[in-house]
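Reviewing the structure listed below.
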Amino acid sequence: MAALDQFPMQAWKRCVNVAQASRSLLQSAPLAGDELLREAIAKHLLMRRGIQADPSQVVITSGSQEALYLVSRLLLKVDDEVLVEAPGYQGTYDVVAQTGARIQSISWQALQQQPENTPKAKLLCVTPSRNFPLGHTLGLSSRLTLLAWAEQNQSWILEDDFDCEFATGPVVSALLGLSQNQYAYQRVIYTGTFSRTVFPALRLGYVVLPTELIEPFFDTA
Ligand SMILES: Cc1ncc(COP(=O)(O)O)c(C=O)c1O
């Protein structure tokens, strides 16, 4: 749970008042979301997660749940194989299941095996920074193994960085950041959210798309 009893309500109200006083914000926003917010997220990802993202790759969504929904619609069709980490977030299963894809659970232990032993799939959904609900973090070598698996099988990885801000232990770069250091072609789609750091009713999340997927994403959305 977000610590709502600690939420700085007065400061929030002041910010909302300032924002609402700006008439330009009453105009409709670009399809991908407010430009300044996307720039701020791109800067934040560079500083905190080791991700290099151009703001044009960042799309604002209604929570990371909507990001997952839009990505699933873009990538998946009936009977595609999808690996979803277990235990994991039920909402991920529900969204992927809607596409008619076949879901196979993959345990935390199995995520750490050699790429050739991991089943082939079109998409892997994973929370490497902080597993939901157990809270553990996937180490560097396991992350590199997952990237190698995606590369070998030409699969996509959906990196759900839901509450990475609360991970304990050594900070590890996001899968996407590691991938950018290793591979020219990006197979990681990154989602983030402000549900835990601000408050869940805000419904503010985002997705970072590989550049090749930006156009198809908007064609499908
Ligand atoms: C692992 C995980 N991913 C995604 C979500 C959905 O987050 P959002 O509120 O941004 O839609 C949750 C919500 O609890 C979650 O636990």
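All residue names refer to the structure tokens as shown: chains lettered A, B, ... in order, residues numbered from 1 in each chain, ligands numbered from 1 in order.
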message: Show me which residues line ligand 1, defined as having an atom within 12 Å of a ligand atom where only C-alpha atoms and all ligand atoms count, and present them as number ranges by chain.
response: A: 1-2, 60-69, 84-95, 125-135, 158-164, 190-207
task: Please identify all polymer residues within 9 Å of Gln186 of chain A, counting only C-alpha atoms, omitting same-chain residues fewer than 6 positions from it, and present them as a list in words.
output: Trp156, Leu176, Ser179, Gln180, Leu209, Pro210, Thr211 and Glu212 of chain A
What would the file look like if the residues just selected were written as a PDB file, in the first residue's frame with N, CA and C atoms?
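To be explicit, this is the file written out as part-v7.pdb:
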ATOM      1  N   TRP A 156       9.688 -10.913 -26.983  1.00  0.00           N
ATOM      2  CA  TRP A 156       9.594  -9.629 -26.290  1.00  0.00           C
ATOM      3  C   TRP A 156       9.593  -9.878 -24.778  1.00  0.00           C
ATOM      4  N   LEU A 176      15.745  -3.002 -19.310  1.00  0.00           N
ATOM      5  CA  LEU A 176      15.841  -2.197 -20.533  1.00  0.00           C
ATOM      6  C   LEU A 176      17.186  -1.489 -20.613  1.00  0.00           C
ATOM      7  N   SER A 179      19.794  -3.978 -21.513  1.00  0.00           N
ATOM      8  CA  SER A 179      19.610  -4.365 -22.906  1.00  0.00           C
ATOM      9  C   SER A 179      20.203  -3.315 -23.852  1.00  0.00           C
ATOM     10  N   GLN A 180      20.015  -2.041 -23.487  1.00  0.00           N
ATOM     11  CA  GLN A 180      20.549  -0.969 -24.342  1.00  0.00           C
ATOM     12  C   GLN A 180      22.074  -1.015 -24.397  1.00  0.00           C
ATOM     13  N   LEU A 209       8.529   2.488 -25.184  1.00  0.00           N
ATOM     14  CA  LEU A 209       8.459   1.593 -26.347  1.00  0.00           C
ATOM     15  C   LEU A 209       9.776   1.595 -27.116  1.00  0.00           C
ATOM     16  N   PRO A 210      10.185   0.433 -27.631  1.00  0.00           N
ATOM     17  CA  PRO A 210      11.288   0.455 -28.608  1.00  0.00           C
ATOM     18  C   PRO A 210      10.843   1.317 -29.806  1.00  0.00           C
ATOM     19  N   THR A 211      11.775   2.041 -30.410  1.00  0.00           N
ATOM     20  CA  THR A 211      11.362   3.001 -31.448  1.00  0.00           C
ATOM     21  C   THR A 211      10.542   2.337 -32.563  1.00  0.00           C
ATOM     22  N   GLU A 212      10.883   1.084 -32.892  1.00  0.00           N
ATOM     23  CA  GLU A 212      10.170   0.390 -33.984  1.00  0.00           C
ATOM     24  C   GLU A 212       8.699   0.181 -33.650  1.00  0.00           C
TER      25      GLU A 212
END
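Excluding Lys122 of chain A itself and same-chain residues fewer than 3 positions from it, the residues having an atom within 7 Å of it are Asp80, Glu81, Val82, Ser155 and Trp156 of chain A, counting only C-alpha atoms.
Note that the spacing between atom CA of Ala150 of chain A and atom CA of Gln113 of chain A amounts to 13.3 Å.
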task: Please run DSSP on the backbone and report, as a VMD selection string, all residues within segment 174-209 of chain A that come out as strand (DSSP E).
output: chain A and resid 188 to 193 205 to 208
query: Which one of A:Arg187, A:His44, A:Lys13, A:Arg143 sits closest to Ala174 of chain A if you count only C-alpha atoms?
result: A:Arg143
query: Which of chain A counts as helix (DSSP H, G or I) under DSSP, as a ChimeraX atom specification please?
result: /A:4-6,9-21,23-26,35-49,55-57,63-75,90-98,110-112,115-117,140-153,164-166,175-182,200-202,211-220
field: Option closest in space to Val71 of chain A, from A:Pro216, A:Gly100, A:Gly139, A:Pro30 [counting only C-alpha atoms]
entry: A:Pro216
statement: Expressed in Å, the length from atom CA of Leu124 of chain A to atom CA of Ile157 of chain A is 4.8 Å
